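Chemist: One file: query18.cif (mmCIF, C-alpha atoms).
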data_start
loop_
_atom_site.group_PDB
_atom_site.id
_atom_site.type_symbol
_atom_site.label_atom_id
_atom_site.label_comp_id
_atom_site.auth_asym_id
_atom_site.auth_seq_id
_atom_site.Cartn_x
_atom_site.Cartn_y
_atom_site.Cartn_z
ATOM 1 C CA MET A 1 25.912 -17.818 -6.131
ATOM 2 C CA GLY A 2 28.008 -16.788 -9.091
ATOM 3 C CA GLN A 3 25.446 -14.380 -10.485
ATOM 4 C CA GLU A 4 24.877 -12.837 -7.064
ATOM 5 C CA PHE A 5 28.638 -12.439 -6.667
ATOM 6 C CA ASN A 6 28.945 -10.698 -10.042
ATOM 7 C CA VAL A 7 26.216 -8.189 -9.170
ATOM 8 C CA ASN A 8 27.647 -7.553 -5.693
ATOM 9 C CA ARG A 9 31.190 -7.276 -7.069
ATOM 10 C CA GLU A 10 30.185 -4.251 -9.132
ATOM 11 C CA LYS A 11 28.956 -2.505 -5.971
ATOM 12 C CA ASN A 12 31.590 -3.429 -3.382
ATOM 13 C CA LYS A 13 34.327 -6.006 -3.902
ATOM 14 C CA THR A 14 35.009 -6.770 -0.242
ATOM 15 C CA GLU A 15 31.339 -7.141 0.602
ATOM 16 C CA ALA A 16 30.862 -9.343 -2.474
ATOM 17 C CA TRP A 17 33.576 -11.728 -1.249
ATOM 18 C CA LYS A 18 32.073 -11.799 2.248
ATOM 19 C CA ILE A 19 28.651 -12.688 0.850
ATOM 20 C CA PHE A 20 30.148 -15.293 -1.502
ATOM 21 C CA GLN A 21 32.032 -16.869 1.394
ATOM 22 C CA ARG A 22 28.847 -16.946 3.485
ATOM 23 C CA ARG A 23 26.877 -18.557 0.629
ATOM 24 C CA LEU A 24 29.681 -21.061 0.098
ATOM 25 C CA ASN A 25 29.495 -22.104 3.742
ATOM 26 C CA GLU A 26 25.674 -22.061 3.837
ATOM 27 C CA ASN A 27 25.472 -24.303 0.785
ATOM 28 C CA ALA A 28 28.385 -26.593 1.607
ATOM 29 C CA GLY A 29 26.112 -29.623 1.890
ATOM 30 C CA ALA A 30 24.702 -29.197 -1.606
ATOM 31 C CA LEU A 31 28.077 -28.240 -3.048
ATOM 32 C CA THR A 32 29.645 -31.519 -1.923
ATOM 33 C CA GLU A 33 27.903 -33.020 -4.945
ATOM 34 C CA ILE A 34 30.436 -31.211 -7.168
ATOM 35 C CA MET A 35 33.423 -30.640 -4.863
ATOM 36 C CA SER A 36 34.788 -32.189 -1.704
ATOM 37 C CA ALA A 37 34.150 -30.738 1.737
ATOM 38 C CA LYS A 38 37.907 -30.194 2.011
ATOM 39 C CA GLU A 39 37.898 -28.078 -1.174
ATOM 40 C CA ILE A 40 34.996 -25.994 0.141
ATOM 41 C CA VAL A 41 36.793 -25.321 3.421
ATOM 42 C CA GLU A 42 40.049 -24.509 1.589
ATOM 43 C CA LEU A 43 38.245 -22.094 -0.737
ATOM 44 C CA SER A 44 36.576 -20.390 2.206
ATOM 45 C CA MET A 45 39.955 -20.065 3.923
ATOM 46 C CA LYS A 46 41.546 -18.627 0.746
ATOM 47 C CA ILE A 47 38.781 -16.041 0.525
ATOM 48 C CA GLU A 48 39.342 -15.105 4.168
ATOM 49 C CA GLU A 49 43.099 -14.820 3.710
ATOM 50 C CA SER A 50 42.680 -12.815 0.521
ATOM 51 C CA MET A 51 40.385 -10.346 2.266
ATOM 52 C CA LYS A 52 42.866 -9.986 5.143
ATOM 53 C CA THR A 53 45.784 -9.485 2.758
ATOM 54 C CA GLU A 54 43.894 -6.924 0.723
ATOM 55 C CA SER A 55 42.806 -4.935 3.743
ATOM 56 C CA ALA A 56 46.378 -4.946 5.074
ATOM 57 C CA HIS A 57 48.037 -4.007 1.776
ATOM 58 C CA GLY A 58 45.337 -2.067 -0.038
ATOM 59 C CA THR A 59 44.149 -2.851 -3.514
ATOM 60 C CA GLY A 60 46.604 -3.509 -6.281
ATOM 61 C CA ASN A 61 46.637 -4.625 -9.848
ATOM 62 C CA PRO A 62 43.591 -6.862 -10.506
ATOM 63 C CA LEU A 63 45.775 -9.497 -12.185
ATOM 64 C CA ASP A 64 48.038 -9.589 -9.133
ATOM 65 C CA GLU A 65 45.000 -9.921 -6.863
ATOM 66 C CA VAL A 66 43.783 -12.959 -8.822
ATOM 67 C CA ARG A 67 47.245 -14.518 -8.731
ATOM 68 C CA LEU A 68 47.477 -13.974 -4.978
ATOM 69 C CA PHE A 69 43.980 -15.383 -4.482
ATOM 70 C CA LEU A 70 44.899 -18.505 -6.445
ATOM 71 C CA GLY A 71 48.065 -18.938 -4.400
ATOM 72 C CA GLY A 72 50.567 -17.602 -6.924
ATOM 73 C CA GLU A 73 53.235 -14.988 -6.584
ATOM 74 C CA LYS A 74 52.808 -11.293 -7.222
ATOM 75 C CA VAL A 75 54.354 -10.124 -10.492
ATOM 76 C CA HIS A 76 56.599 -7.062 -10.449
#
So, in terms of structure tokens, how does the structure I just supplied come out?
Modeler:
Amino acid sequence: MGQEFNVNREKNKTEAWKIFQRRLNENAGALTEIMSAKEIVELSMKIEESMKTESAHGTGNPLDEVRLFLGGEKVH
């Protein structure tokens, strides 16, 4: 999943996140070996929210985008 995301990210960031989110949900059963189902759902929801925020506000500083994705505050 990670390698696929990296390749897709170079082509289209939004599409890469959509595909990663889909793979995360498709593989949730196998992933529960390394993370809880709650964490998988929360990560999927964060991805969804991040995509909505980005589409509403446009792209910004990559560092700010990572901070927002991880639940932090935007730096000015």
Chemist: Smallest atom-to-atom distance to A:Asn27: which of A:Val7, A:Met51, A:Leu68, A:Ile40, using only C-alpha atoms?
Modeler: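 Among the listed residues, the smallest separation from A:Asn27 belongs to A:Ile40.
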Chemist: How far is it from atom CA of A:Glu39 to atom CA of A:Lys11, in Å with one decimal?
Modeler: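 Between these atoms lies a distance of 27.5 Å.
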Chemist: Residues picked by the PyMOL selection byres ((chain A and resi 46) around 12) here, as a ChimeraX atom specification?
Modeler: /A:17-18,21,39-45,47-54,66-72
Chemist: Report as a list in words the residues that result from applying the PyMOL selection byres ((chain A and resi 19) around 12) to the structure here.
Modeler: Met1, Gly2, Gln3, Glu4, Phe5, Asn6, Val7, Asn8, Arg9, Asn12, Lys13, Thr14, Glu15, Ala16, Trp17, Lys18, Phe20, Gln21, Arg22, Arg23, Leu24, Asn25, Glu26, Ser44, Ile47 and Glu48 of chain A
